[in-house]
>>> print(open('query.txt').read())   # compact mmCIF, C-alpha atoms and all ligand atoms
# COMPACT_ATOMS: atom_id res chain seq x y z
CA MET A 1 -30.86 -96.41 -117.66
CA ILE A 2 -28.31 -97.50 -115.06
CA GLU A 3 -24.83 -96.15 -115.84
CA LEU A 4 -21.60 -97.56 -114.40
CA ARG A 5 -18.51 -95.42 -113.77
CA THR A 6 -14.91 -96.42 -114.34
CA PRO A 7 -12.42 -96.29 -111.44
CA THR A 8 -10.99 -93.13 -113.06
CA GLN A 9 -14.42 -91.50 -113.12
CA ILE A 10 -15.01 -92.44 -109.48
CA GLU A 11 -11.74 -90.68 -108.64
CA GLN A 12 -13.04 -87.64 -110.55
CA MET A 13 -16.19 -87.72 -108.40
CA ARG A 14 -14.25 -87.37 -105.15
CA PRO A 15 -13.88 -83.55 -105.13
CA ALA A 16 -17.66 -83.05 -105.29
CA GLY A 17 -18.13 -85.51 -102.45
CA ARG A 18 -15.46 -83.87 -100.33
CA PHE A 19 -16.95 -80.42 -100.90
CA VAL A 20 -20.48 -81.55 -99.98
CA ALA A 21 -19.07 -83.09 -96.79
CA GLU A 22 -17.18 -79.88 -96.00
CA VAL A 23 -20.28 -77.71 -96.42
CA LEU A 24 -22.51 -79.95 -94.28
CA THR A 25 -19.84 -80.14 -91.56
CA HIS A 26 -19.65 -76.35 -91.54
CA LEU A 27 -23.43 -75.86 -91.56
CA LYS A 28 -23.79 -78.30 -88.68
CA ASP A 29 -21.55 -75.98 -86.65
CA VAL A 30 -23.39 -72.83 -87.77
CA ALA A 31 -26.92 -74.15 -87.17
CA ASP A 32 -28.04 -73.11 -83.70
CA VAL A 33 -30.89 -71.58 -81.75
CA GLY A 34 -31.46 -68.08 -83.18
CA VAL A 35 -30.10 -68.84 -86.66
CA ASN A 36 -32.45 -68.23 -89.59
CA LEU A 37 -32.91 -70.88 -92.30
CA LEU A 38 -32.24 -68.22 -94.95
CA ASP A 39 -28.85 -67.55 -93.35
CA LEU A 40 -27.93 -71.24 -93.60
CA ASP A 41 -28.90 -71.19 -97.28
CA ALA A 42 -26.89 -68.00 -97.83
CA GLU A 43 -23.85 -69.54 -96.15
CA ALA A 44 -24.08 -72.61 -98.40
CA HIS A 45 -24.46 -70.31 -101.41
CA ARG A 46 -21.35 -68.34 -100.39
CA MET A 47 -19.32 -71.57 -100.15
CA ILE A 48 -20.59 -72.75 -103.56
CA LYS A 49 -19.49 -69.51 -105.21
CA GLU A 50 -16.12 -69.55 -103.44
CA ARG A 51 -15.50 -73.13 -104.60
CA GLY A 52 -16.75 -72.55 -108.15
CA ALA A 53 -19.26 -75.38 -107.69
CA GLU A 54 -22.70 -75.56 -109.24
CA SER A 55 -25.88 -76.01 -107.20
CA CYS A 56 -28.10 -78.93 -108.20
CA TYR A 57 -31.09 -77.38 -106.44
CA ILE A 58 -31.44 -73.76 -107.46
CA ASP A 59 -32.98 -74.40 -110.90
CA TYR A 60 -34.40 -77.81 -110.00
CA HIS A 61 -37.98 -78.12 -111.19
CA PRO A 62 -39.27 -81.72 -111.23
CA SER A 63 -42.89 -82.72 -111.74
CA PHE A 64 -43.57 -82.76 -107.98
CA GLY A 65 -42.19 -79.22 -107.41
CA ALA A 66 -44.52 -76.25 -107.87
CA MET A 67 -41.76 -73.96 -109.16
CA PRO A 68 -37.93 -74.00 -109.48
CA PHE A 69 -36.48 -74.56 -106.00
CA GLY A 70 -34.63 -71.22 -105.98
CA HIS A 71 -32.26 -72.08 -103.11
CA VAL A 72 -29.13 -74.20 -102.72
CA LEU A 73 -29.96 -76.06 -99.49
CA CYS A 74 -32.93 -78.05 -98.22
CA THR A 75 -33.79 -77.05 -94.66
CA SER A 76 -36.45 -79.30 -93.14
CA VAL A 77 -37.53 -78.48 -89.57
CA ASN A 78 -39.47 -80.76 -87.18
CA ASP A 79 -42.52 -82.17 -89.04
CA ALA A 80 -40.80 -81.28 -92.34
CA VAL A 81 -38.49 -84.08 -93.42
CA LEU A 82 -37.56 -83.66 -97.11
CA HIS A 83 -37.15 -80.83 -99.64
CA GLY A 84 -37.57 -78.16 -96.95
CA LEU A 85 -37.70 -74.84 -98.79
CA PRO A 86 -35.58 -72.28 -96.87
CA HIS A 87 -37.82 -69.51 -95.54
CA ASP A 88 -37.76 -66.79 -92.92
CA TYR A 89 -37.74 -69.02 -89.84
CA THR A 90 -35.43 -68.63 -86.86
CA LEU A 91 -34.43 -71.92 -85.22
CA ARG A 92 -35.78 -72.49 -81.69
CA ASP A 93 -34.54 -74.56 -78.80
CA GLY A 94 -35.05 -78.27 -79.51
CA ASP A 95 -35.79 -77.97 -83.23
CA LEU A 96 -34.92 -81.03 -85.30
CA LEU A 97 -33.24 -79.82 -88.49
CA SER A 98 -32.43 -81.83 -91.60
CA LEU A 99 -30.04 -80.36 -94.17
CA ASP A 100 -29.83 -81.84 -97.67
CA PHE A 101 -27.19 -80.53 -100.06
CA ALA A 102 -26.11 -81.47 -103.58
CA VAL A 103 -23.70 -79.80 -105.97
CA SER A 104 -21.76 -80.50 -109.10
CA VAL A 105 -17.98 -80.02 -109.06
CA ASP A 106 -15.95 -80.66 -112.22
CA GLY A 107 -19.13 -81.98 -113.83
CA TRP A 108 -19.85 -84.66 -111.21
CA VAL A 109 -22.61 -84.54 -108.61
CA SER A 110 -22.57 -85.51 -104.94
CA ASP A 111 -25.57 -85.49 -102.62
CA SER A 112 -25.71 -85.85 -98.83
CA ALA A 113 -27.98 -85.07 -95.89
CA ILE A 114 -27.68 -84.83 -92.11
CA SER A 115 -30.10 -84.31 -89.25
CA LEU A 116 -29.35 -82.57 -85.97
CA VAL A 117 -31.06 -80.93 -83.02
CA VAL A 118 -30.33 -77.32 -82.10
CA GLY A 119 -30.31 -76.48 -78.40
CA THR A 120 -31.75 -78.95 -75.91
CA PRO A 121 -32.65 -82.23 -77.63
CA ARG A 122 -35.58 -84.51 -76.90
CA ASP A 123 -34.36 -88.08 -76.37
CA GLU A 124 -36.86 -89.37 -78.94
CA ASP A 125 -35.45 -87.04 -81.61
CA LEU A 126 -31.89 -88.17 -80.94
CA ALA A 127 -33.10 -91.77 -81.19
CA LEU A 128 -34.83 -91.07 -84.51
CA ILE A 129 -31.69 -89.46 -85.94
CA ALA A 130 -29.59 -92.40 -84.69
CA THR A 131 -31.97 -94.83 -86.39
CA THR A 132 -31.65 -93.06 -89.76
CA GLU A 133 -27.87 -93.11 -89.35
CA GLN A 134 -27.86 -96.82 -88.50
CA ALA A 135 -30.12 -97.51 -91.48
CA LEU A 136 -27.73 -95.58 -93.71
CA GLU A 137 -24.77 -97.60 -92.38
CA ALA A 138 -26.67 -100.84 -92.94
CA GLY A 139 -27.59 -99.79 -96.48
CA ILE A 140 -23.99 -98.87 -97.26
CA ALA A 141 -22.72 -102.17 -95.82
CA ALA A 142 -25.03 -104.00 -98.25
CA ALA A 143 -23.79 -101.95 -101.23
CA ARG A 144 -21.42 -104.66 -102.45
CA VAL A 145 -20.71 -106.46 -105.68
CA GLY A 146 -22.55 -109.78 -105.56
CA ASN A 147 -25.53 -108.32 -103.72
CA ARG A 148 -28.66 -106.97 -105.35
CA LEU A 149 -30.38 -103.63 -105.04
CA GLY A 150 -33.03 -105.22 -102.83
CA ASP A 151 -30.34 -106.12 -100.30
CA ILE A 152 -29.68 -102.41 -99.72
CA SER A 153 -33.39 -101.64 -99.40
CA ALA A 154 -34.01 -104.61 -97.10
CA ALA A 155 -31.07 -103.63 -94.86
CA ILE A 156 -32.45 -100.09 -94.48
CA GLY A 157 -35.98 -101.31 -93.87
CA ALA A 158 -34.87 -103.86 -91.27
CA VAL A 159 -33.35 -101.10 -89.12
CA ALA A 160 -36.55 -99.07 -89.35
CA HIS A 161 -38.79 -102.02 -88.50
CA ALA A 162 -36.58 -103.01 -85.55
CA ALA A 163 -37.09 -99.47 -84.22
CA GLY A 164 -40.85 -99.77 -84.72
CA LEU A 165 -40.89 -97.23 -87.55
CA GLY A 166 -42.87 -97.32 -90.77
CA VAL A 167 -41.17 -96.75 -94.13
CA ASN A 168 -42.48 -94.46 -96.85
CA LEU A 169 -41.64 -95.70 -100.36
CA GLN A 170 -42.52 -92.53 -102.33
CA PHE A 171 -39.06 -90.97 -101.97
CA GLY A 172 -35.77 -92.83 -101.65
CA GLY A 173 -32.23 -92.98 -102.94
CA HIS A 174 -31.14 -92.70 -106.56
CA GLY A 175 -28.32 -93.02 -109.02
CA VAL A 176 -25.86 -90.10 -109.00
CA GLY A 177 -23.56 -89.00 -111.78
CA ARG A 178 -23.52 -86.08 -114.17
CA THR A 179 -26.96 -85.16 -112.80
CA MET A 180 -28.47 -85.48 -109.34
CA HIS A 181 -31.18 -88.05 -109.98
CA GLY A 182 -30.59 -91.10 -112.14
CA ASP A 183 -31.49 -94.77 -112.12
CA PRO A 184 -31.81 -96.87 -110.12
CA HIS A 185 -34.34 -95.81 -107.51
CA VAL A 186 -33.13 -97.07 -104.12
CA ALA A 187 -36.19 -97.73 -101.98
CA ASN A 188 -35.89 -97.56 -98.20
CA ASP A 189 -37.48 -100.99 -97.81
CA GLY A 190 -37.64 -104.06 -99.99
CA GLN A 191 -36.81 -107.71 -100.44
CA ALA A 192 -33.29 -109.05 -100.04
CA GLY A 193 -31.98 -110.92 -103.05
CA ARG A 194 -34.24 -109.09 -105.50
CA GLY A 195 -33.63 -106.43 -108.11
CA PHE A 196 -30.64 -105.16 -110.08
CA PRO A 197 -27.37 -107.04 -109.41
CA LEU A 198 -24.92 -104.54 -107.88
CA LYS A 199 -21.85 -103.97 -110.00
CA ALA A 200 -18.56 -102.11 -109.52
CA GLY A 201 -19.00 -98.56 -110.81
CA LEU A 202 -22.58 -98.06 -109.64
CA VAL A 203 -22.79 -94.74 -107.78
CA ILE A 204 -25.91 -94.14 -105.71
CA ALA A 205 -27.27 -91.84 -103.05
CA ILE A 206 -28.59 -93.91 -100.15
CA GLU A 207 -30.98 -91.85 -98.04
CA PRO A 208 -33.14 -93.32 -95.30
CA TRP A 209 -35.65 -90.91 -93.76
CA PHE A 210 -38.20 -91.79 -91.14
CA LEU A 211 -41.00 -90.15 -89.16
CA HIS A 212 -41.81 -90.88 -85.52
CA THR A 213 -45.38 -92.12 -85.81
CA THR A 214 -46.45 -92.26 -89.47
CA ASP A 215 -45.14 -93.04 -92.93
CA GLU A 216 -47.56 -90.68 -94.66
CA ILE A 217 -46.60 -87.27 -96.00
CA TYR A 218 -48.04 -84.24 -97.73
CA ILE A 219 -46.57 -81.27 -99.59
CA ASP A 220 -46.72 -77.94 -97.77
CA GLN A 221 -48.39 -74.86 -99.26
CA ASP A 222 -44.91 -73.65 -100.32
CA GLY A 223 -45.08 -76.29 -103.08
CA TRP A 224 -41.93 -78.09 -101.95
CA THR A 225 -41.56 -78.95 -98.28
CA ILE A 226 -42.60 -82.51 -97.43
CA LYS A 227 -44.18 -82.94 -94.01
CA SER A 228 -45.65 -85.74 -91.92
CA VAL A 229 -49.44 -85.95 -92.02
CA ASP A 230 -49.67 -86.29 -88.23
CA GLY A 231 -47.21 -83.55 -87.29
CA SER A 232 -44.64 -86.00 -85.95
CA ARG A 233 -41.01 -85.16 -86.56
CA GLY A 234 -38.73 -86.66 -89.18
CA ALA A 235 -35.02 -87.30 -89.69
CA HIS A 236 -32.94 -87.95 -92.81
CA SER A 237 -29.39 -89.25 -93.41
CA GLU A 238 -27.80 -89.54 -96.83
CA HIS A 239 -24.46 -90.34 -98.44
CA THR A 240 -23.34 -90.71 -102.03
CA VAL A 241 -21.67 -94.12 -102.30
CA ALA A 242 -19.63 -95.71 -105.08
CA ILE A 243 -19.74 -99.49 -105.27
CA THR A 244 -16.23 -100.70 -106.05
CA ALA A 245 -14.49 -104.04 -106.36
CA ASP A 246 -13.03 -103.27 -102.90
CA GLY A 247 -16.41 -102.52 -101.32
CA PRO A 248 -18.50 -99.40 -100.79
CA LEU A 249 -16.70 -96.05 -101.00
CA ILE A 250 -18.50 -93.19 -99.21
CA LEU A 251 -17.78 -90.18 -101.42
CA THR A 252 -19.46 -87.72 -99.01
CA ALA A 253 -17.81 -89.06 -95.82
CA ARG A 254 -17.31 -86.33 -93.22
CA ALA A 255 -14.06 -86.14 -91.26
MG MG B 1 -29.99 -85.32 -101.08
>>> encode(input="query.txt", output="structure tokens", more="lines below")
Ligand code: MG
Amino acid sequence: MIELRTPTQIEQMRPAGRFVAEVLTHLKDVADVGVNLLDLDAEAHRMIKERGAESCYIDYHPSFGAMPFGHVLCTSVNDAVLHGLPHDYTLRDGDLLSLDFAVSVDGWVSDSAISLVVGTPRDEDLALIATTEQALEAGIAAARVGNRLGDISAAIGAVAHAAGLGVNLQFGGHGVGRTMHGDPHVANDGQAGRGFPLKAGLVIAIEPWFLHTTDEIYIDQDGWTIKSVDGSRGAHSEHTVAITADGPLILTARA
């Protein structure tokens, strides 16, 4: 069921969005060559406790997860692109890291993801990250009253196709509200002019993610981490966006 939020509720959702943005901005600074993924997770956990927020991940146990997630941050490195389970791994020069973070503050959820390279970047990795960011911008620009859900998906997919990238449709964006995952599903490719008519009050996470040379994935032995089948690297960019009468409002915008 697709739920719409009142302008007052959207105002109430802002603190969660601001906090998610603050944590990702901080973690982007902390992430570096020599930093362990478990330390990034611990830092996020410390900030959650300090803020009195509630993690959406720690007890998360959907049908595709082997066990409750048990951590507060997704840390996906190189050929891992989504749901990266933090583990004892120390970041190396040139690693491509995606961080995905969602919490509830005052009973409202926000969800956002960034990708970055630690140390010396490969040009192709910077280009892949830039493409996911452009796709996110294009998706957000299409998140307007009068458009349809398919316009967001088509806008994201067009950026991927222009970059010569395939699009995986198994995981995409989603409604956000009292819980992390609600309707509608926001696919990262689709047909413009099709699907649910976008209305003021719809709050969704838009989250393009692409792999260099494949659109096929598998789940790692850890039961969570999603990796490319061919070992090519992936990137992921996500914001929680409220569709308003005045246009899209990015709740997780970073300063
Ligand atoms: Mg997310």
>>> residues_around(input="query.txt", residues="A:Thr90", least_positions_apart="2", cutoff="7 Å", atoms="all atoms listed in the file", output="list in words")
Gly34, Val35, Asn36, Leu37, Asp88 and Arg92 of chain A
>>> closest_atom_pairs(input="query.txt", of="chain A", to="ligand MG 1 (chain B)", cutoff="10 Å", atoms="only C-alpha atoms and all ligand atoms", output="CSV")
residue,atom,partner,partner_atom,distance
A:Cys56,CA,B:MG1,MG,9.8
A:Tyr57,CA,B:MG1,MG,9.6
A:Leu73,CA,B:MG1,MG,9.4
A:Cys74,CA,B:MG1,MG,8.3
A:Leu82,CA,B:MG1,MG,8.7
A:His83,CA,B:MG1,MG,8.6
A:Leu99,CA,B:MG1,MG,8.5
A:Asp100,CA,B:MG1,MG,4.9
A:Phe101,CA,B:MG1,MG,5.6
A:Ala102,CA,B:MG1,MG,6.0
A:Val103,CA,B:MG1,MG,9.7
A:Ser110,CA,B:MG1,MG,8.4
A:Asp111,CA,B:MG1,MG,4.7
A:Ser112,CA,B:MG1,MG,4.9
A:Ala113,CA,B:MG1,MG,5.6
A:Ile114,CA,B:MG1,MG,9.3
A:Gly172,CA,B:MG1,MG,9.5
A:Gly173,CA,B:MG1,MG,8.2
A:His174,CA,B:MG1,MG,9.3
A:Met180,CA,B:MG1,MG,8.4
A:His181,CA,B:MG1,MG,9.4
A:Ala205,CA,B:MG1,MG,7.3
A:Ile206,CA,B:MG1,MG,8.8
A:Glu207,CA,B:MG1,MG,7.3
A:His236,CA,B:MG1,MG,9.2
A:Ser237,CA,B:MG1,MG,8.6
A:Glu238,CA,B:MG1,MG,6.4
A:His239,CA,B:MG1,MG,7.9
A:Thr240,CA,B:MG1,MG,8.6
>>> closest_residue(input="query.txt", among="A:Glu22, A:Glu133, A:Asp32, A:Asp246", to="A:Val159", atoms="all atoms listed in the file")
A:Glu133
>>> closest_residue(input="query.txt", among="A:Gly84, A:Gly94, A:Gly234, A:Gly247", to="A:Val203", atoms="only C-alpha atoms")
A:Gly247
>>> atom_distance(input="query.txt", atom1="atom CA of A:Ser153", atom2="atom CA of A:Leu165")
14.7 Å
>>> closest_residue(input="query.txt", among="A:Ser228, A:Asn78, A:Thr252, A:Gln191", to="A:Met13", atoms="only C-alpha atoms")
A:Thr252
>>> residues_around(input="query.txt", residues="A:His212", least_positions_apart="3", cutoff="12 Å", atoms="all atoms listed in the file", output="ChimeraX atom specification")
/A:78-81,124-129,131-132,160-161,163-168,209,215-216,227-236
>>> axis_aligned_box(input="query.txt", around="stretch 4-8 of chain A", padding_each_side="4 Å", output="lines of an AutoDock Vina configuration file")
center_x = -16.3
center_y = -95.3
center_z = -112.9
size_x = 18.6
size_y = 12.4
size_z = 11.0
>>> closest_residue(input="query.txt", among="A:Ala245, A:Ile219, A:Ala162, A:Ala155", to="A:Asn188", atoms="all atoms listed in the file")
A:Ala155
>>> closest_residue(input="query.txt", among="A:Ile217, A:Met1, A:His87, A:Pro15", to="A:Gly175", atoms="only C-alpha atoms")
A:Met1
>>> closest_residue(input="query.txt", among="A:Ser76, A:Gln134, A:Ser63, A:Asn147", to="A:Ser115", atoms="only C-alpha atoms")
A:Ser76
>>> residues_around(input="query.txt", residues="A:Arg194", least_positions_apart="6", cutoff="7 Å", atoms="all atoms listed in the file", output="VMD selection string")
chain A and resid 148 to 150
>>> atom_distance(input="query.txt", atom1="atom CA of A:Ala154", atom2="atom CA of A:Asp189")
5.1 Å
>>> decode(input="query.txt", residues="stretch 150-241 of chain A", atoms="C-alpha atoms", output="mmCIF file, in the first residue's frame")
data_model
loop_
_atom_site.group_PDB
_atom_site.id
_atom_site.type_symbol
_atom_site.label_atom_id
_atom_site.label_comp_id
_atom_site.auth_asym_id
_atom_site.auth_seq_id
_atom_site.Cartn_x
_atom_site.Cartn_y
_atom_site.Cartn_z
ATOM 1 C CA GLY A 150 8.059 5.122 -14.521
ATOM 2 C CA ASP A 151 9.435 8.587 -15.265
ATOM 3 C CA ILE A 152 11.811 8.259 -12.299
ATOM 4 C CA SER A 153 12.879 4.765 -13.355
ATOM 5 C CA ALA A 154 13.318 5.783 -16.997
ATOM 6 C CA ALA A 155 15.400 8.826 -16.019
ATOM 7 C CA ILE A 156 17.742 6.646 -13.941
ATOM 8 C CA GLY A 157 17.991 3.987 -16.631
ATOM 9 C CA ALA A 158 18.711 6.538 -19.365
ATOM 10 C CA VAL A 159 21.819 7.744 -17.510
ATOM 11 C CA ALA A 160 23.035 4.169 -17.106
ATOM 12 C CA HIS A 161 22.435 3.271 -20.747
ATOM 13 C CA ALA A 162 24.162 6.458 -21.946
ATOM 14 C CA ALA A 163 27.203 5.342 -19.939
ATOM 15 C CA GLY A 164 27.031 1.881 -21.493
ATOM 16 C CA LEU A 165 25.993 0.231 -18.225
ATOM 17 C CA GLY A 166 23.443 -2.502 -17.673
ATOM 18 C CA VAL A 167 20.738 -2.151 -15.014
ATOM 19 C CA ASN A 168 19.787 -4.838 -12.519
ATOM 20 C CA LEU A 169 16.094 -4.763 -11.585
ATOM 21 C CA GLN A 170 16.201 -7.097 -8.548
ATOM 22 C CA PHE A 171 16.956 -4.320 -6.051
ATOM 23 C CA GLY A 172 15.894 -0.691 -6.318
ATOM 24 C CA GLY A 173 14.348 2.171 -4.416
ATOM 25 C CA HIS A 174 11.339 1.988 -2.126
ATOM 26 C CA GLY A 175 8.799 3.896 -0.125
ATOM 27 C CA VAL A 176 10.096 5.261 3.196
ATOM 28 C CA GLY A 177 8.092 6.178 6.253
ATOM 29 C CA ARG A 178 7.612 4.625 9.663
ATOM 30 C CA THR A 179 9.622 1.649 8.376
ATOM 31 C CA MET A 180 12.534 1.417 5.955
ATOM 32 C CA HIS A 181 10.915 -0.463 3.087
ATOM 33 C CA GLY A 182 7.429 0.325 1.863
ATOM 34 C CA ASP A 183 5.600 0.606 -1.424
ATOM 35 C CA PRO A 184 6.206 1.543 -4.121
ATOM 36 C CA HIS A 185 9.234 -0.274 -5.490
ATOM 37 C CA VAL A 186 11.295 2.221 -7.505
ATOM 38 C CA ALA A 187 13.079 0.290 -10.242
ATOM 39 C CA ASN A 188 16.309 1.648 -11.676
ATOM 40 C CA ASP A 189 15.000 1.349 -15.228
ATOM 41 C CA GLY A 190 11.552 1.461 -16.759
ATOM 42 C CA GLN A 191 9.161 3.157 -19.118
ATOM 43 C CA ALA A 192 8.410 6.868 -18.918
ATOM 44 C CA GLY A 193 4.747 7.707 -18.521
ATOM 45 C CA ARG A 194 3.895 4.380 -16.900
ATOM 46 C CA GLY A 195 3.042 3.352 -13.364
ATOM 47 C CA PHE A 196 1.734 5.082 -10.247
ATOM 48 C CA PRO A 197 0.952 8.808 -10.704
ATOM 49 C CA LEU A 198 3.302 10.744 -8.400
ATOM 50 C CA LYS A 199 1.493 12.721 -5.733
ATOM 51 C CA ALA A 200 2.527 15.285 -3.127
ATOM 52 C CA GLY A 201 3.366 13.441 0.097
ATOM 53 C CA LEU A 202 4.999 10.409 -1.499
ATOM 54 C CA VAL A 203 8.343 9.784 0.225
ATOM 55 C CA ILE A 204 10.739 7.406 -1.507
ATOM 56 C CA ALA A 205 14.331 6.296 -1.426
ATOM 57 C CA ILE A 206 15.819 6.588 -4.909
ATOM 58 C CA GLU A 207 18.948 4.448 -5.194
ATOM 59 C CA PRO A 208 20.710 3.755 -8.469
ATOM 60 C CA TRP A 209 23.543 1.225 -8.280
ATOM 61 C CA PHE A 210 25.554 -0.033 -11.196
ATOM 62 C CA LEU A 211 28.384 -2.461 -11.923
ATOM 63 C CA HIS A 212 31.154 -1.875 -14.460
ATOM 64 C CA THR A 213 30.636 -4.835 -16.780
ATOM 65 C CA THR A 214 27.597 -6.857 -15.696
ATOM 66 C CA ASP A 215 24.125 -6.486 -14.227
ATOM 67 C CA GLU A 216 24.171 -9.900 -12.572
ATOM 68 C CA ILE A 217 24.753 -10.456 -8.870
ATOM 69 C CA TYR A 218 25.053 -13.179 -6.275
ATOM 70 C CA ILE A 219 24.896 -13.291 -2.484
ATOM 71 C CA ASP A 220 28.208 -13.873 -0.712
ATOM 72 C CA GLN A 221 28.755 -16.747 1.721
ATOM 73 C CA ASP A 222 28.133 -14.281 4.585
ATOM 74 C CA GLY A 223 24.434 -14.473 3.652
ATOM 75 C CA TRP A 224 24.090 -10.749 3.000
ATOM 76 C CA THR A 225 26.690 -9.056 0.834
ATOM 77 C CA ILE A 226 25.635 -8.678 -2.804
ATOM 78 C CA LYS A 227 28.462 -8.948 -5.323
ATOM 79 C CA SER A 228 28.886 -8.815 -9.089
ATOM 80 C CA VAL A 229 29.096 -12.213 -10.764
ATOM 81 C CA ASP A 230 32.136 -11.183 -12.828
ATOM 82 C CA GLY A 231 34.115 -9.488 -10.054
ATOM 83 C CA SER A 232 33.675 -6.024 -11.545
ATOM 84 C CA ARG A 233 33.216 -3.165 -9.119
ATOM 85 C CA GLY A 234 29.974 -1.444 -8.208
ATOM 86 C CA ALA A 235 28.810 1.953 -6.969
ATOM 87 C CA HIS A 236 25.621 3.087 -5.238
ATOM 88 C CA SER A 237 24.050 6.504 -4.547
ATOM 89 C CA GLU A 238 20.850 7.005 -2.592
ATOM 90 C CA HIS A 239 18.712 9.783 -1.145
ATOM 91 C CA THR A 240 15.371 9.822 0.630
ATOM 92 C CA VAL A 241 13.165 12.273 -1.276
#
